[in-house]
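Colleague: Take a look at coords-v9.cif, mmCIF, C-alpha atoms:
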```cif
data_data
#
loop_
_atom_site.label_atom_id
_atom_site.label_comp_id
_atom_site.auth_asym_id
_atom_site.auth_seq_id
_atom_site.Cartn_x
_atom_site.Cartn_y
_atom_site.Cartn_z
CA MET A 1 110.13 107.67 114.09
CA SER A 2 111.39 104.24 113.00
CA LEU A 3 108.07 102.40 113.22
CA ALA A 4 104.37 102.82 113.90
CA THR A 5 101.55 100.28 114.11
CA ILE A 6 97.82 100.15 113.44
CA ARG A 7 95.25 97.46 114.13
CA VAL A 8 93.16 96.01 111.33
CA GLY A 9 90.69 93.89 113.26
CA ARG A 10 92.85 91.39 115.14
CA THR A 11 95.68 91.89 112.65
CA ARG A 12 98.50 94.40 113.10
CA VAL A 13 100.24 96.39 110.38
CA SER A 14 103.51 98.13 111.25
CA HIS A 15 105.31 100.64 109.03
CA VAL A 16 109.04 100.14 109.59
CA SER A 17 111.80 102.45 108.37
CA ASP A 18 115.09 101.61 106.69
CA GLY A 19 116.06 105.27 106.45
CA VAL A 20 114.62 108.71 105.82
CA ALA A 21 115.61 111.34 103.24
CA HIS A 22 114.56 114.97 102.76
CA GLY A 23 114.64 116.74 99.44
CA PRO A 24 112.69 117.90 96.37
CA ARG A 25 110.68 115.24 94.55
CA ARG A 26 109.30 117.22 91.63
CA TYR A 27 109.59 114.16 89.36
CA TRP A 28 106.89 112.45 91.45
CA PHE A 29 104.31 114.86 90.04
CA THR A 30 104.81 114.86 86.28
CA GLY A 31 101.84 116.62 84.67
CA ALA A 32 101.14 118.87 87.67
CA GLU A 33 101.39 122.59 87.13
CA PRO A 34 102.96 124.47 90.08
CA ALA A 35 99.75 126.46 90.61
CA GLU A 36 97.90 123.16 91.21
CA LEU A 37 100.67 121.32 92.99
CA MET A 38 101.57 123.86 95.66
CA PRO A 39 98.14 124.22 97.32
CA ALA A 40 97.56 120.46 97.10
CA MET A 41 100.82 119.83 98.99
CA GLY A 42 100.49 122.85 101.29
CA VAL A 43 103.76 124.42 100.11
CA THR A 44 104.78 127.71 98.51
CA ASP A 45 107.57 126.29 96.34
CA PRO A 46 107.11 123.32 93.96
CA ALA A 47 110.69 122.28 94.79
CA ALA A 48 110.02 122.26 98.55
CA PRO A 49 111.70 119.35 100.40
CA VAL A 50 109.62 116.23 100.90
CA THR A 51 110.17 113.73 103.72
CA VAL A 52 110.64 110.30 102.16
CA THR A 53 110.69 107.06 104.14
CA TYR A 54 112.42 103.97 102.75
CA GLY A 55 111.41 100.67 104.30
CA GLY A 56 108.28 98.55 104.32
CA PHE A 57 105.61 96.92 106.45
CA VAL A 58 105.18 93.87 108.61
CA VAL A 59 101.80 92.18 109.06
CA THR A 60 101.18 89.97 112.09
CA GLY A 61 98.21 88.55 113.97
CA ASP A 62 96.95 86.21 111.24
CA GLY A 63 99.09 83.28 112.37
CA GLN A 64 102.14 84.25 110.35
CA VAL A 65 104.65 87.06 109.85
CA THR A 66 104.60 88.82 106.48
CA VAL A 67 107.07 91.51 105.44
CA VAL A 68 105.89 93.76 102.59
CA ASP A 69 108.87 95.45 100.88
CA ALA A 70 112.39 95.29 102.22
CA GLY A 71 114.04 98.69 102.09
CA TYR A 72 117.50 99.58 100.83
CA GLY A 73 119.31 96.83 102.71
CA HIS A 74 122.71 96.28 104.27
CA ARG A 75 124.40 98.93 102.10
CA ALA A 76 121.84 101.64 102.89
CA HIS A 77 124.52 103.63 104.71
CA GLU A 78 126.11 104.33 101.31
CA ILE A 79 123.07 106.39 100.21
CA PRO A 80 123.92 110.10 100.62
CA GLY A 81 121.66 111.95 103.04
CA LEU A 82 119.80 108.87 104.26
CA GLU A 83 119.15 109.28 107.98
CA GLY A 84 118.78 106.13 110.08
CA ALA A 85 120.10 104.06 107.19
CA GLY A 86 119.72 100.29 107.38
CA THR A 87 117.50 100.23 110.48
CA MET A 88 114.75 97.92 109.21
CA PRO A 89 116.03 94.78 111.03
CA ALA A 90 116.30 96.78 114.26
CA ALA A 91 112.75 98.06 113.77
CA LEU A 92 111.52 94.50 113.33
CA ALA A 93 113.42 93.47 116.46
CA GLY A 94 111.63 96.28 118.27
CA LEU A 95 108.40 94.46 117.42
CA GLY A 96 109.81 91.20 118.79
CA ILE A 97 110.42 89.76 115.30
CA GLU A 98 113.67 87.99 114.52
CA PRO A 99 114.72 87.30 110.89
CA GLY A 100 113.95 83.60 111.23
CA ASP A 101 110.39 84.37 112.33
CA VAL A 102 109.38 85.81 108.95
CA ASP A 103 107.19 83.44 106.91
CA HIS A 104 106.54 85.56 103.81
CA VAL A 105 108.20 88.47 102.02
CA VAL A 106 106.00 90.22 99.44
CA LEU A 107 107.77 92.62 97.13
CA THR A 108 105.44 95.20 95.60
CA HIS A 109 108.07 95.66 92.90
CA LEU A 110 111.80 95.31 92.40
CA HIS A 111 113.18 98.83 92.48
CA ASP A 112 116.30 98.48 94.57
CA ASP A 113 114.93 100.52 97.51
CA HIS A 114 112.23 97.86 97.99
CA CYS A 115 114.21 94.61 97.85
CA GLY A 116 117.44 95.46 99.69
CA TRP A 117 117.04 93.21 102.72
CA LEU A 118 116.49 90.08 100.67
CA ILE A 119 120.17 89.58 101.50
CA LYS A 120 122.14 90.70 104.55
CA ASP A 121 125.69 90.84 103.17
CA ASP A 122 127.73 90.96 99.98
CA GLU A 123 128.02 87.16 100.01
CA GLY A 124 124.29 86.87 99.38
CA SER A 125 123.23 85.36 102.71
CA LEU A 126 119.47 85.56 103.10
CA THR A 127 118.19 88.00 105.70
CA PHE A 128 114.97 86.02 106.19
CA PRO A 129 116.13 82.41 105.77
CA ASN A 130 112.77 80.74 106.39
CA ALA A 131 110.61 83.09 104.31
CA THR A 132 109.01 82.43 100.94
CA VAL A 133 109.66 85.47 98.72
CA HIS A 134 106.65 86.28 96.53
CA ILE A 135 107.29 88.24 93.31
CA ASN A 136 104.81 88.79 90.50
CA GLU A 137 105.95 86.73 87.50
CA ARG A 138 105.86 89.73 85.13
CA GLU A 139 108.02 91.68 87.55
CA PHE A 140 110.54 88.87 87.89
CA ALA A 141 110.74 88.36 84.13
CA TYR A 142 111.30 92.07 83.53
CA TRP A 143 114.20 92.43 85.97
CA THR A 144 115.92 89.24 84.84
CA GLY A 145 115.44 89.90 81.10
CA ASP A 146 116.73 92.34 78.52
CA GLU A 147 113.82 94.82 78.55
CA VAL A 148 115.02 96.37 81.81
CA ASP A 149 117.77 98.10 79.82
CA VAL A 150 115.25 100.33 78.00
CA ILE A 151 114.68 102.63 81.01
CA ASP A 152 117.92 104.20 82.24
CA ALA A 153 116.96 104.28 85.92
CA ASN A 154 115.98 100.61 85.90
CA ARG A 155 119.09 99.55 83.96
CA ASN A 156 121.18 101.25 86.63
CA MET A 157 119.31 99.44 89.41
CA ALA A 158 119.41 96.00 87.83
CA GLY A 159 122.98 95.42 88.99
CA ASN A 160 121.78 95.64 92.59
CA VAL A 161 118.55 93.74 92.07
CA ARG A 162 119.77 90.65 90.21
CA PRO A 163 122.19 89.31 92.87
CA ARG A 164 119.39 89.51 95.43
CA LEU A 165 117.03 87.57 93.18
CA ARG A 166 119.71 85.02 92.40
CA ALA A 167 120.35 84.40 96.10
CA VAL A 168 116.65 83.86 96.81
CA ARG A 169 116.18 81.56 93.82
CA ASN A 170 119.30 79.53 94.58
CA ALA A 171 118.05 78.99 98.12
CA GLY A 172 114.74 77.66 96.83
CA ARG A 173 112.78 80.45 98.53
CA LEU A 174 111.34 82.14 95.41
CA HIS A 175 107.65 81.97 94.45
CA THR A 176 106.39 83.71 91.32
CA TYR A 177 102.68 84.08 90.61
CA ASP A 178 100.16 85.83 88.39
CA GLY A 179 96.95 87.64 89.34
CA GLU A 180 95.81 87.74 92.97
CA LEU A 181 97.61 85.77 95.67
CA GLY A 182 96.08 84.85 99.03
CA LEU A 183 98.55 84.39 101.86
CA SER A 184 95.94 83.98 104.61
CA GLU A 185 92.29 84.78 105.23
CA GLN A 186 93.40 88.32 106.07
CA VAL A 187 96.19 89.01 103.55
CA THR A 188 95.73 89.17 99.76
CA VAL A 189 98.16 90.43 97.12
CA LEU A 190 96.47 92.45 94.35
CA PRO A 191 97.85 93.30 90.89
CA THR A 192 98.35 97.07 90.51
CA HIS A 193 100.65 97.19 87.50
CA GLY A 194 101.95 100.38 85.90
CA HIS A 195 104.72 101.80 88.06
CA THR A 196 106.62 98.68 87.03
CA PRO A 197 105.42 95.80 84.83
CA GLY A 198 104.35 93.61 87.74
CA HIS A 199 103.75 96.07 90.58
CA VAL A 200 101.36 94.78 93.26
CA SER A 201 99.66 96.07 96.41
CA VAL A 202 98.55 94.19 99.52
CA LEU A 203 95.07 94.15 101.05
CA VAL A 204 94.85 93.38 104.76
CA ALA A 205 91.22 92.78 105.75
CA ASP A 206 89.85 91.46 109.05
CA GLY A 207 86.15 91.76 109.80
CA ASP A 208 84.94 95.25 108.96
CA ASP A 209 88.45 96.71 109.01
CA ALA A 210 90.79 96.93 106.03
CA ALA A 211 94.10 98.49 105.01
CA ILE A 212 95.81 98.67 101.64
CA LEU A 213 99.61 98.70 101.48
CA ALA A 214 100.01 100.49 98.17
CA GLY A 215 103.72 100.18 97.42
CA ASP A 216 104.75 102.84 94.89
CA LEU A 217 101.26 103.12 93.48
CA LEU A 218 101.22 106.20 95.73
CA HIS A 219 104.42 108.05 96.54
CA HIS A 220 102.65 110.94 98.29
CA PRO A 221 99.15 111.34 99.78
CA VAL A 222 98.18 113.90 97.10
CA HIS A 223 98.27 111.08 94.54
CA VAL A 224 94.93 109.83 95.87
CA GLU A 225 93.14 112.99 94.74
CA HIS A 226 95.36 113.47 91.67
CA PRO A 227 95.88 110.05 90.05
CA CYS A 228 97.28 111.57 86.84
CA TRP A 229 100.27 113.19 88.60
CA LEU A 230 102.75 110.43 87.92
CA PRO A 231 106.41 109.78 88.71
CA SER A 232 108.51 110.21 85.58
CA VAL A 233 109.91 106.69 86.07
CA ASP A 234 106.56 104.91 85.70
CA TYR A 235 106.86 102.03 83.23
CA GLU A 236 103.31 102.25 81.84
CA PRO A 237 101.69 105.57 82.85
CA ALA A 238 98.16 104.84 81.61
CA GLU A 239 98.08 101.54 83.49
CA SER A 240 99.44 103.29 86.58
CA VAL A 241 96.52 105.74 86.52
CA ARG A 242 94.03 102.88 86.13
CA SER A 243 95.60 101.02 89.04
CA ARG A 244 95.46 104.12 91.26
CA ARG A 245 91.81 104.72 90.48
CA ARG A 246 90.90 101.09 91.02
CA ILE A 247 92.70 100.77 94.35
CA THR A 248 91.42 104.06 95.77
CA ALA A 249 87.87 103.09 94.76
CA LEU A 250 88.33 99.73 96.51
CA ALA A 251 89.60 101.49 99.62
CA ALA A 252 86.66 103.92 99.60
CA ASP A 253 84.16 101.09 99.20
CA ARG A 254 85.73 99.22 102.14
CA ASN A 255 86.18 102.35 104.31
CA ALA A 256 89.81 101.23 104.38
CA VAL A 257 92.99 103.07 105.19
CA ILE A 258 95.84 103.36 102.71
CA LEU A 259 99.51 103.24 103.69
CA ALA A 260 102.56 103.43 101.44
CA PRO A 261 106.24 102.86 102.21
CA HIS A 262 107.48 106.30 101.14
CA PHE A 263 104.98 108.18 103.33
CA PRO A 264 106.44 109.79 106.45
CA ILE A 265 105.95 107.67 109.56
CA PRO A 266 103.27 107.91 110.82
CA THR A 267 100.85 108.59 107.93
CA VAL A 268 97.57 106.89 107.04
CA ILE A 269 94.88 107.94 104.58
CA ASP A 270 91.29 107.31 105.64
CA MET A 271 89.11 106.50 102.62
CA ASP A 272 85.35 106.64 102.15
CA ARG A 273 82.74 108.13 99.84
CA ASP A 274 80.90 111.43 100.23
CA PRO A 275 77.08 111.59 100.13
CA ASP A 276 77.24 111.84 96.33
CA GLY A 277 79.32 108.66 96.08
CA ARG A 278 82.60 110.33 95.21
CA VAL A 279 85.86 108.98 96.61
CA ARG A 280 87.00 111.01 99.61
CA SER A 281 90.28 110.91 101.52
CA THR A 282 91.56 112.30 104.81
CA VAL A 283 95.26 112.25 105.70
CA ARG A 284 96.25 111.54 109.31
CA HIS A 285 99.79 111.82 110.61
CA GLU A 286 99.08 109.58 113.57
CA MET A 287 98.74 105.89 114.22
CA GLU A 288 97.13 104.39 117.30
CA ASP A 289 99.15 102.33 119.75
CA ALA A 290 98.43 98.80 118.68
CA THR A 291 101.01 96.91 120.71
#
```
Translate this structure into structure tokens?

Modeller:
Amino acid sequence: MSLATIRVGRTRVSHVSDGVAHGPRRYWFTGAEPAELMPAMGVTDPAAPVTVTYGGFVVTGDGQVTVVDAGYGHRAHEIPGLEGAGTMPAALAGLGIEPGDVDHVVLTHLHDDHCGWLIKDDEGSLTFPNATVHINEREFAYWTGDEVDVIDANRNMAGNVRPRLRAVRNAGRLHTYDGELGLSEQVTVLPTHGHTPGHVSVLVADGDDAAILAGDLLHHPVHVEHPCWLPSVDYEPAESVRSRRRITALAADRNAVILAPHFPIPTVIDMDRDPDGRVRSTVRHEMEDAT
């Protein structure tokens, strides 16, 4: 499935794919012993294949169009084993959204599978020419500075990331910020640092309904119940755990749903608290028709 949509009050949140991969993701669960991991994931082999979506979200219904994360981009077809590569623009078109309609692009972080469609070609033409691109200032500073070279995986990605940032900045479409950022009455960007220096998540709240778009704070639904099982590439593991606990507590207090770009489409996590006040989650692989 290339997209699925939920309603959050009068607002709509659509998970759109830029490609899907299948394979082991053991490095997502550093610190998890196989005896714990396998029953939590419902598998009999800790190296069992995981379905991984690459893409992002689009939020509409609040008077503007906001894209949250931007997939692998126009060279996605070069990624081995990526099915449906580079389909994010087509998924947006399926929602009736043309590139020029997008008002905001929020990047949860700048790993290259989240910022690909900032540009649409090797010349650096902007995919969303009328959009303001919002990047946390710590995140921007990290990827444009020397510290990125310390972590091998990030150093290798920087060559893809920097031309995209340069194109956005040269076009005057870049906005950096610190702390929380309100884009409308319904859409707020929240700091959830740890996976990268300036990682953020997005809260969509309308009336009594709420959804949290968690970026790579959560790679897999089991991370809600096991916040200490971290990807080996996390920049600041202790801060990542704190961010996970804070955002899942917020979701439980709001009776919100959590979505994340790497979850299979469709997947939502319903959050609340049990009678003793403990955070409780329920995973659903379904999303209502909200068209």

Colleague: Excluding same-chain residues fewer than 5 positions from segment 247-251 of chain A, what lies within 8 Å of it counting all atoms listed in the file, as a PyMOL selection string?

Modeller: chain A and resi 192+210-212+224+256-258+271-272+279

Colleague: Between A:Gly124, A:Gly96, A:Gly19, A:Pro221, single out the one closest to Ala167 of chain A, counting only C-alpha atoms.

Modeller: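 Closest to Ala167 of chain A, using only C-alpha atoms: A:Gly124.
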
Colleague: Just want the 7 Å neighbourhood of segment 47-53 of chain A, counted on all atoms listed in the file, with same-chain residues fewer than 3 positions away dropped. Output as a VMD selection string.

Modeller: chain A and resid 17 19 to 26 43 261 to 264

Colleague: I'd like the residues picked by the PyMOL selection byres ((chain A and resi 34-36) around 12) written out as a VMD selection string, using the chain letters and numbers from the file.

Modeller: chain A and resid 26 29 to 33 37 to 48 222 225 to 226 229

Colleague: May I ask for the distance between atom CA of Ala85 of chain A and atom CA of Asp18 of chain A, given in Å to one decimal place?

Modeller: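 It comes out at 5.6 Å.
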
Colleague: Between A:Arg7, A:Arg12, A:His74, A:His195, which one has atoms that come closest to Pro237 of chain A, using all atoms listed in the file?

Modeller: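 Using all atoms listed in the file, the shortest distance to Pro237 of chain A belongs to A:His195.
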
Colleague: Going by the chain IDs and residue numbers used in this file, which residues fall under the PyMOL selection byres ((chain A and resi 86) around 9)? Write them as JSON, numbers by chain.

Modeller: {"A": [17, 18, 19, 55, 71, 72, 73, 74, 75, 76, 77, 84, 85, 87, 88, 89, 90, 117]}

Colleague: Between A:Ala141, A:Leu165, A:Val148, A:Val202, which residue has the minimum interatomic distance to Leu126 of chain A, considering all atoms listed in the file?

Modeller: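 Closest residue, counting all atoms listed in the file: A:Leu165.
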
Colleague: With all atoms listed in the file as the atoms that count, which of A:Asn170, A:Thr66, A:Ser232, A:Asn154 lies nearest to Thr188 of chain A?

Modeller: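 Using all atoms listed in the file, the shortest distance to Thr188 of chain A belongs to A:Thr66.
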
Colleague: Using Å and a single decimal, report how far atom CA of Asp146 of chain A sits from atom CA of Tyr177 of chain A.

Modeller: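 Answer for the atom CA of Tyr177 of chain A to atom CA of Asp146 of chain A separation: 20.3 Å.
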
Colleague: For segment 58-85 of chain A, where the input has fewer atoms than it should, I would like N, CA and C atoms rebuilt and written as a PDB file, keeping the file's coordinate frame.

Modeller:
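Contents of part_26.pdb, freshly written:
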```pdb
ATOM      1  N   VAL A  58     105.271  95.233 108.122  1.00  0.00           N
ATOM      2  CA  VAL A  58     105.180  93.870 108.610  1.00  0.00           C
ATOM      3  C   VAL A  58     103.756  93.651 109.113  1.00  0.00           C
ATOM      4  N   VAL A  59     103.166  92.536 108.692  1.00  0.00           N
ATOM      5  CA  VAL A  59     101.800  92.180 109.060  1.00  0.00           C
ATOM      6  C   VAL A  59     101.860  90.962 109.972  1.00  0.00           C
ATOM      7  N   THR A  60     101.218  91.075 111.133  1.00  0.00           N
ATOM      8  CA  THR A  60     101.180  89.970 112.090  1.00  0.00           C
ATOM      9  C   THR A  60      99.763  89.843 112.627  1.00  0.00           C
ATOM     10  N   GLY A  61      99.519  88.758 113.346  1.00  0.00           N
ATOM     11  CA  GLY A  61      98.210  88.550 113.970  1.00  0.00           C
ATOM     12  C   GLY A  61      97.305  87.627 113.204  1.00  0.00           C
ATOM     13  N   ASP A  62      97.747  87.163 112.029  1.00  0.00           N
ATOM     14  CA  ASP A  62      96.950  86.210 111.240  1.00  0.00           C
ATOM     15  C   ASP A  62      97.564  84.820 111.273  1.00  0.00           C
ATOM     16  N   GLY A  63      98.451  84.583 112.237  1.00  0.00           N
ATOM     17  CA  GLY A  63      99.090  83.280 112.370  1.00  0.00           C
ATOM     18  C   GLY A  63     100.415  83.170 111.660  1.00  0.00           C
ATOM     19  N   GLN A  64     100.852  84.262 111.021  1.00  0.00           N
ATOM     20  CA  GLN A  64     102.140  84.250 110.350  1.00  0.00           C
ATOM     21  C   GLN A  64     102.722  85.659 110.369  1.00  0.00           C
ATOM     22  N   VAL A  65     103.968  85.767 109.917  1.00  0.00           N
ATOM     23  CA  VAL A  65     104.650  87.060 109.850  1.00  0.00           C
ATOM     24  C   VAL A  65     104.959  87.337 108.383  1.00  0.00           C
ATOM     25  N   THR A  66     104.429  88.459 107.885  1.00  0.00           N
ATOM     26  CA  THR A  66     104.600  88.820 106.480  1.00  0.00           C
ATOM     27  C   THR A  66     105.260  90.184 106.387  1.00  0.00           C
ATOM     28  N   VAL A  67     106.398  90.252 105.726  1.00  0.00           N
ATOM     29  CA  VAL A  67     107.070  91.510 105.440  1.00  0.00           C
ATOM     30  C   VAL A  67     106.675  91.952 104.033  1.00  0.00           C
ATOM     31  N   VAL A  68     106.264  93.205 103.887  1.00  0.00           N
ATOM     32  CA  VAL A  68     105.890  93.760 102.590  1.00  0.00           C
ATOM     33  C   VAL A  68     106.890  94.864 102.253  1.00  0.00           C
ATOM     34  N   ASP A  69     107.760  94.592 101.302  1.00  0.00           N
ATOM     35  CA  ASP A  69     108.870  95.450 100.880  1.00  0.00           C
ATOM     36  C   ASP A  69     110.001  95.421 101.897  1.00  0.00           C
ATOM     37  N   ALA A  70     111.217  95.592 101.393  1.00  0.00           N
ATOM     38  CA  ALA A  70     112.390  95.290 102.220  1.00  0.00           C
ATOM     39  C   ALA A  70     113.480  96.342 102.159  1.00  0.00           C
ATOM     40  N   GLY A  71     113.117  97.593 101.930  1.00  0.00           N
ATOM     41  CA  GLY A  71     114.040  98.690 102.090  1.00  0.00           C
ATOM     42  C   GLY A  71     115.281  98.635 101.221  1.00  0.00           C
ATOM     43  N   TYR A  72     116.254  99.480 101.583  1.00  0.00           N
ATOM     44  CA  TYR A  72     117.500  99.580 100.830  1.00  0.00           C
ATOM     45  C   TYR A  72     118.485  98.455 101.148  1.00  0.00           C
ATOM     46  N   GLY A  73     118.460  97.964 102.384  1.00  0.00           N
ATOM     47  CA  GLY A  73     119.310  96.830 102.710  1.00  0.00           C
ATOM     48  C   GLY A  73     120.602  97.171 103.408  1.00  0.00           C
ATOM     49  N   HIS A  74     121.520  96.188 103.418  1.00  0.00           N
ATOM     50  CA  HIS A  74     122.710  96.280 104.270  1.00  0.00           C
ATOM     51  C   HIS A  74     123.691  97.344 103.801  1.00  0.00           C
ATOM     52  N   ARG A  75     123.519  97.865 102.580  1.00  0.00           N
ATOM     53  CA  ARG A  75     124.400  98.930 102.100  1.00  0.00           C
ATOM     54  C   ARG A  75     123.685 100.285 102.084  1.00  0.00           C
ATOM     55  N   ALA A  76     122.607 100.390 102.855  1.00  0.00           N
ATOM     56  CA  ALA A  76     121.840 101.640 102.890  1.00  0.00           C
ATOM     57  C   ALA A  76     122.681 102.812 103.363  1.00  0.00           C
ATOM     58  N   HIS A  77     123.685 102.541 104.197  1.00  0.00           N
ATOM     59  CA  HIS A  77     124.520 103.630 104.710  1.00  0.00           C
ATOM     60  C   HIS A  77     125.320 104.324 103.616  1.00  0.00           C
ATOM     61  N   GLU A  78     125.372 103.711 102.417  1.00  0.00           N
ATOM     62  CA  GLU A  78     126.110 104.330 101.310  1.00  0.00           C
ATOM     63  C   GLU A  78     125.258 105.352 100.559  1.00  0.00           C
ATOM     64  N   ILE A  79     123.966 105.453 100.882  1.00  0.00           N
ATOM     65  CA  ILE A  79     123.070 106.390 100.210  1.00  0.00           C
ATOM     66  C   ILE A  79     123.262 107.771 100.818  1.00  0.00           C
ATOM     67  N   PRO A  80     123.684 108.767 100.052  1.00  0.00           N
ATOM     68  CA  PRO A  80     123.920 110.100 100.620  1.00  0.00           C
ATOM     69  C   PRO A  80     122.631 110.681 101.221  1.00  0.00           C
ATOM     70  N   GLY A  81     122.771 111.248 102.415  1.00  0.00           N
ATOM     71  CA  GLY A  81     121.660 111.950 103.040  1.00  0.00           C
ATOM     72  C   GLY A  81     120.585 111.071 103.639  1.00  0.00           C
ATOM     73  N   LEU A  82     120.812 109.776 103.715  1.00  0.00           N
ATOM     74  CA  LEU A  82     119.800 108.870 104.260  1.00  0.00           C
ATOM     75  C   LEU A  82     120.003 108.739 105.771  1.00  0.00           C
ATOM     76  N   GLU A  83     119.078 109.315 106.521  1.00  0.00           N
ATOM     77  CA  GLU A  83     119.150 109.280 107.980  1.00  0.00           C
ATOM     78  C   GLU A  83     118.611 107.943 108.492  1.00  0.00           C
ATOM     79  N   GLY A  84     119.235 107.412 109.528  1.00  0.00           N
ATOM     80  CA  GLY A  84     118.780 106.130 110.080  1.00  0.00           C
ATOM     81  C   GLY A  84     118.901 105.009 109.082  1.00  0.00           C
ATOM     82  N   ALA A  85     119.956 105.020 108.280  1.00  0.00           N
ATOM     83  CA  ALA A  85     120.100 104.060 107.190  1.00  0.00           C
ATOM     84  C   ALA A  85     120.263 102.632 107.716  1.00  0.00           C
TER      85      ALA A  85
END
```
